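The block underneath contains the structure these notes are about, expressed in structure tokens.
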Amino acid sequence: MASAFPAVPPKSTVSSILVALRIRPLTTKESKESTIAVIKPISKTSLSVTDFSDAQDVLRQDRPREKTYDFDCVFSETASQVNVFEGTTKGLVDFVLQGFNTTVFAYGATGAGKTYTMLGTQENPGVMPLTLEHLFSQIGKSTRAQTTNGPNAVTQSFKVTLSYLEIYNENIRDLLSGRPDYLELWEDRLRGSVVAGIERVEAKTAADVLEWLEKGNLNRTQEATGANEASSRSHAVLQIFVAKRTCNKKGQYTEQSGKLSMIDLAGSERAADTKNRGMRMIEGASINRSLLALGNCINALTEEGSNGKYVNYRDSKLTRLLKDSLGGNCKTVMIANISPTSSNFEETLNTLKYASRARAIKNKVIQQAPIPIPKPLSLTSVASKSKLIAQKS
Ligand code: ADP
Ligand code: MG
């Protein structure tokens with residue numbers, strides 16, 4: 001399936017967030033039980049949901065039992081990981097290489113398929129590994145292409161670095177260093193949202209990134225809850241920074257940086273649903289605070305195009321971190337995950353509503369302009385001097 005984003009970003013553009021909906025297949029346990037399918041994909045962009053929320057209404061047949069929802073893409077139970085990747089994040093890679101900030105996040109209740117979609121398995125790698133493979137393959141292609149252009153050609157080199165963090169109870173922890181202390185979040189005028197003191201490592205291949213991811217995942221906070229025995233109650237944020245340095249025929253250097261954030265959000269179910277008290281209650285409230293703030297920002301951005309409403313990023317750590325990834329300088333993909341069964345009906349409906357709200361966002365896309373640099377410095381020191389220049393739309 002072709003991505004809804006064009007392969008090459010236009011010079012100046014107003015684009016919307018891409019919202020995809022993925023229905024997971026029944027688990028082995030579910031297929032043994034007599035569960036009723038409440039979700040039916042109708043086309044590549046729409047699905048219908050049968051409302052079981054009020055049995056009396058259904059019996060009286062006095063309101064439509066089926067409701068239709070439209071998204072940019074709907075992936076049915078049979079969609080492969082490659083189908084999902086090609087329809088969502090594949091189109092983001094060229095944007096990152098051209099100096100745009102891009103984000104993909106998986107939303108949904110615990111057990112709806114977020115981690116499967118993002119990380120996948122050894123046999124069926126998900127959106128993260130597939131996107132990274134594509135990123136490094138595009139970097140390789142671009143590097144190989146220029147060496148055949150002769151000694152006077154414009155030359156380009158890329159450096160990829162990454163950080164991996166989790167937000168748990170509104171605290172940020174570095175998953176790469178594994179240090180238990182909480183990190184501060186700063187807003188840098190030039191660099192956007194910056195996590196102070198976070199470890200940033202270099203990766204030369206997609207396999208390097210996955211190795212770091214695996215190490216980082218060992219440090220994730222996982223707790224047993226009533227909803228899922230080892231459900232993750234934290235938001236996991238992988239950020240990939242791509243710095244592209246270009247040298248023209250006159251020997252002048254410029255540099256552009258793009259950022260790709262990939263986020264496996266915590267389960268969106270309400271604290272009350274997981275029969276939790278005490279610490280689990282606090283977790284539920286913190287998770288909801290971030291998801292609520294994310295929803296509010298998305299909603300305000302949706303309205304921003306029409307009435308310039310103020311977007312409040314400050315309400316949660318997640319939205320503060322994503323400030324430069326949801327608004328102007330960004331392309332965003334939301335993959336909302338749902339279960340097909342009646343037992344998860346309420347959560348499914350909440351996810352459908354949340355995802356529908358996100359569809360109307362119109363972002364003004366800002367590309368980081370190439371910055372002249374005097375001579376080749378270390379890429380990290382150059383990155384700190386970077387400057388975002390808004391394109392005229
Ligand atoms: P979440 O991260 O949202 O809590 P998971 O990704 O862990 O949910 O998915 C719950 C279960 O369903 C896991 O056993 C996972 O392997 C399985 N699953 C989810 N989505 C799919 C899919 N598209 N195809 C096959 N199995 C899936
Ligand atoms: Mg998960």
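In the structure tokens, each chain is lettered A, B, ... as it comes, each chain's residues begin at 1, and ligands are numbered from 1 in order of appearance.
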
Open item on the list: Can you pull out every residue from stretch 96-258 of chain A that DSSP, working from the backbone, puts in helix (DSSP H, G or I), and format the result as a ChimeraX atom specification?
Closed with: /A:96-97,114-118,127-147,206-217

Using only C-alpha atoms, which residues sit within 10 Å of A:Val93 once same-chain residues fewer than 2 positions away are excluded, as a ChimeraX atom specification?
-> /A:7-8,89-91,95-98,100,102,131-132,134-136,138-139,258-260

Now that the selection is made, can you save its residues with N, CA and C atoms as a PDB file, in the first residue's frame?
```pdb
ATOM      1  N   ALA A   7       6.331  10.959  -1.737  1.00  0.00           N
ATOM      2  CA  ALA A   7       7.690  10.459  -1.554  1.00  0.00           C
ATOM      3  C   ALA A   7       8.668  11.597  -1.268  1.00  0.00           C
ATOM      4  N   VAL A   8       8.502  12.706  -1.957  1.00  0.00           N
ATOM      5  CA  VAL A   8       9.390  13.840  -1.735  1.00  0.00           C
ATOM      6  C   VAL A   8       8.569  14.992  -1.171  1.00  0.00           C
ATOM      7  N   THR A  89       4.842   4.523   7.933  1.00  0.00           N
ATOM      8  CA  THR A  89       6.101   5.226   8.221  1.00  0.00           C
ATOM      9  C   THR A  89       7.119   5.230   7.085  1.00  0.00           C
ATOM     10  N   LYS A  90       6.917   4.390   6.071  1.00  0.00           N
ATOM     11  CA  LYS A  90       7.908   4.348   4.990  1.00  0.00           C
ATOM     12  C   LYS A  90       8.113   5.743   4.396  1.00  0.00           C
ATOM     13  N   GLY A  91       6.996   6.445   4.230  1.00  0.00           N
ATOM     14  CA  GLY A  91       7.048   7.786   3.642  1.00  0.00           C
ATOM     15  C   GLY A  91       7.710   8.829   4.537  1.00  0.00           C
ATOM     16  N   PHE A  95      11.576  12.380   4.542  1.00  0.00           N
ATOM     17  CA  PHE A  95      11.386  13.654   5.251  1.00  0.00           C
ATOM     18  C   PHE A  95      12.506  13.853   6.280  1.00  0.00           C
ATOM     19  N   VAL A  96      12.807  12.790   7.023  1.00  0.00           N
ATOM     20  CA  VAL A  96      13.845  12.883   8.051  1.00  0.00           C
ATOM     21  C   VAL A  96      15.187  13.216   7.390  1.00  0.00           C
ATOM     22  N   LEU A  97      15.469  12.552   6.267  1.00  0.00           N
ATOM     23  CA  LEU A  97      16.742  12.780   5.582  1.00  0.00           C
ATOM     24  C   LEU A  97      16.837  14.202   5.031  1.00  0.00           C
ATOM     25  N   GLN A  98      15.700  14.848   4.863  1.00  0.00           N
ATOM     26  CA  GLN A  98      15.710  16.228   4.364  1.00  0.00           C
ATOM     27  C   GLN A  98      15.568  17.263   5.473  1.00  0.00           C
ATOM     28  N   PHE A 100      13.418  17.201   8.335  1.00  0.00           N
ATOM     29  CA  PHE A 100      12.148  17.392   9.022  1.00  0.00           C
ATOM     30  C   PHE A 100      12.108  16.561  10.302  1.00  0.00           C
ATOM     31  N   THR A 102       9.869  14.074  12.481  1.00  0.00           N
ATOM     32  CA  THR A 102       8.727  13.190  12.232  1.00  0.00           C
ATOM     33  C   THR A 102       8.489  12.311  13.455  1.00  0.00           C
ATOM     34  N   THR A 131      11.295   0.503   9.555  1.00  0.00           N
ATOM     35  CA  THR A 131      11.584   1.906   9.228  1.00  0.00           C
ATOM     36  C   THR A 131      13.087   2.170   9.298  1.00  0.00           C
ATOM     37  N   LEU A 132      13.721   1.583  10.314  1.00  0.00           N
ATOM     38  CA  LEU A 132      15.160   1.799  10.479  1.00  0.00           C
ATOM     39  C   LEU A 132      15.940   1.161   9.332  1.00  0.00           C
ATOM     40  N   HIS A 134      14.906   0.788   6.359  1.00  0.00           N
ATOM     41  CA  HIS A 134      14.688   1.657   5.203  1.00  0.00           C
ATOM     42  C   HIS A 134      15.528   2.932   5.311  1.00  0.00           C
ATOM     43  N   LEU A 135      15.597   3.466   6.522  1.00  0.00           N
ATOM     44  CA  LEU A 135      16.398   4.678   6.748  1.00  0.00           C
ATOM     45  C   LEU A 135      17.858   4.435   6.362  1.00  0.00           C
ATOM     46  N   PHE A 136      18.436   3.361   6.896  1.00  0.00           N
ATOM     47  CA  PHE A 136      19.850   3.101   6.620  1.00  0.00           C
ATOM     48  C   PHE A 136      20.062   2.718   5.146  1.00  0.00           C
ATOM     49  N   GLN A 138      18.340   3.954   2.624  1.00  0.00           N
ATOM     50  CA  GLN A 138      18.293   5.222   1.887  1.00  0.00           C
ATOM     51  C   GLN A 138      19.592   6.019   2.073  1.00  0.00           C
ATOM     52  N   ILE A 139      20.145   5.955   3.284  1.00  0.00           N
ATOM     53  CA  ILE A 139      21.424   6.641   3.546  1.00  0.00           C
ATOM     54  C   ILE A 139      22.516   6.002   2.680  1.00  0.00           C
ATOM     55  N   GLY A 258      17.469  16.050  11.059  1.00  0.00           N
ATOM     56  CA  GLY A 258      16.077  15.599  11.148  1.00  0.00           C
ATOM     57  C   GLY A 258      15.949  14.649  12.328  1.00  0.00           C
ATOM     58  N   LYS A 259      14.751  14.545  12.852  1.00  0.00           N
ATOM     59  CA  LYS A 259      14.545  13.685  14.026  1.00  0.00           C
ATOM     60  C   LYS A 259      13.336  12.785  13.789  1.00  0.00           C
ATOM     61  N   LEU A 260      13.511  11.515  14.116  1.00  0.00           N
ATOM     62  CA  LEU A 260      12.408  10.561  14.004  1.00  0.00           C
ATOM     63  C   LEU A 260      12.113  10.009  15.400  1.00  0.00           C
TER      64      LEU A 260
END
```

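Of the listed residues (A:Gln239, A:Asn171, A:Thr348, A:Thr103), A:Thr348 comes nearest to ligand 1; the distances count only C-alpha atoms and all ligand atoms.
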
Members of stretch 58-295 of chain A assigned strand (DSSP E) by DSSP, as a count of residues only:
68

Hey, which residues sit close to ligand 2? Say within 10 Å, counting only C-alpha atoms and all ligand atoms, and write them as a compact mmCIF listing (two decimals) with N, CA and C atoms, in the first residue's frame.
```
# COMPACT_ATOMS: atom_id res chain seq x y z
N ALA A 106 2.16 4.57 18.64
CA ALA A 106 1.14 3.53 18.70
C ALA A 106 0.27 3.81 19.90
N TYR A 107 -1.03 3.93 19.65
CA TYR A 107 -2.01 4.24 20.69
C TYR A 107 -2.94 3.04 20.85
N GLY A 108 -3.46 2.83 22.04
CA GLY A 108 -4.46 1.78 22.23
C GLY A 108 -4.41 1.19 23.62
N ALA A 109 -5.43 0.40 23.95
CA ALA A 109 -5.50 -0.22 25.27
C ALA A 109 -4.45 -1.33 25.38
N THR A 110 -4.15 -1.73 26.60
CA THR A 110 -3.22 -2.83 26.81
C THR A 110 -3.77 -4.08 26.12
N GLY A 111 -2.91 -4.75 25.38
CA GLY A 111 -3.31 -5.97 24.69
C GLY A 111 -3.89 -5.73 23.30
N ALA A 112 -3.93 -4.45 22.86
CA ALA A 112 -4.54 -4.14 21.56
C ALA A 112 -3.55 -4.32 20.40
N GLY A 113 -2.25 -4.46 20.72
CA GLY A 113 -1.27 -4.73 19.66
C GLY A 113 -0.26 -3.63 19.41
N LYS A 114 -0.06 -2.71 20.38
CA LYS A 114 0.88 -1.60 20.18
C LYS A 114 2.32 -2.09 20.01
N THR A 115 2.75 -2.94 20.95
CA THR A 115 4.15 -3.39 20.91
C THR A 115 4.38 -4.29 19.71
N TYR A 116 3.39 -5.11 19.39
CA TYR A 116 3.51 -5.97 18.20
C TYR A 116 3.68 -5.09 16.96
N THR A 117 2.90 -4.02 16.87
CA THR A 117 2.98 -3.12 15.72
C THR A 117 4.33 -2.41 15.68
N MET A 118 4.77 -1.90 16.81
CA MET A 118 6.00 -1.10 16.81
C MET A 118 7.24 -1.97 16.72
N LEU A 119 7.35 -2.95 17.58
CA LEU A 119 8.57 -3.76 17.67
C LEU A 119 8.43 -5.06 16.88
N GLN A 222 7.92 -2.56 34.23
CA GLN A 222 6.79 -3.43 33.91
C GLN A 222 6.18 -3.92 35.21
N ASN A 228 -3.56 -6.83 32.33
CA ASN A 228 -2.59 -7.65 31.60
C ASN A 228 -1.43 -7.92 32.55
N ALA A 230 1.78 -8.55 32.46
CA ALA A 230 3.04 -7.80 32.39
C ALA A 230 2.86 -6.59 31.49
N SER A 231 1.80 -5.87 31.71
CA SER A 231 1.53 -4.74 30.82
C SER A 231 2.49 -3.61 31.12
N SER A 232 2.83 -2.89 30.10
CA SER A 232 3.73 -1.76 30.31
C SER A 232 2.90 -0.53 30.66
N ARG A 233 3.24 0.06 31.80
CA ARG A 233 2.49 1.23 32.26
C ARG A 233 3.26 2.51 31.95
N SER A 234 4.23 2.41 31.07
CA SER A 234 5.02 3.61 30.75
C SER A 234 5.03 3.86 29.25
N HIS A 235 5.34 5.09 28.88
CA HIS A 235 5.49 5.43 27.47
C HIS A 235 6.97 5.25 27.11
N ALA A 236 7.24 4.49 26.05
CA ALA A 236 8.64 4.29 25.63
C ALA A 236 8.91 5.11 24.37
N ASP A 264 6.00 3.91 21.77
CA ASP A 264 5.06 2.86 22.17
C ASP A 264 4.38 3.38 23.44
N LEU A 265 3.18 3.91 23.28
CA LEU A 265 2.49 4.55 24.41
C LEU A 265 2.02 3.50 25.42
N ALA A 266 1.83 3.96 26.65
CA ALA A 266 1.26 3.08 27.68
C ALA A 266 -0.20 2.79 27.34
N GLY A 267 -0.75 1.74 27.90
CA GLY A 267 -2.14 1.36 27.63
C GLY A 267 -3.10 2.51 27.95
```

Selection: 8 Å around A:Ile172, only C-alpha atoms, excl. self and same-chain fewer than 3 positions, as a compact mmCIF listing (two decimals) with C-alpha atoms, in the first residue's frame:
```txt
# COMPACT_ATOMS: atom_id res chain seq x y z
CA LEU A 165 13.68 6.92 27.34
CA GLU A 166 10.53 6.07 29.23
CA ILE A 167 7.98 8.32 30.89
CA TYR A 168 6.64 6.59 33.98
CA TYR A 182 14.85 11.16 36.77
CA LEU A 183 15.92 13.49 33.98
CA GLU A 184 14.91 17.11 33.47
CA LYS A 317 5.90 15.35 30.14
```

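With distances restricted to only C-alpha atoms and all ligand atoms, A:Pro25 is the closest residue to ligand 1 from A:Gly295, A:Pro129, A:Pro25, A:Gly192.
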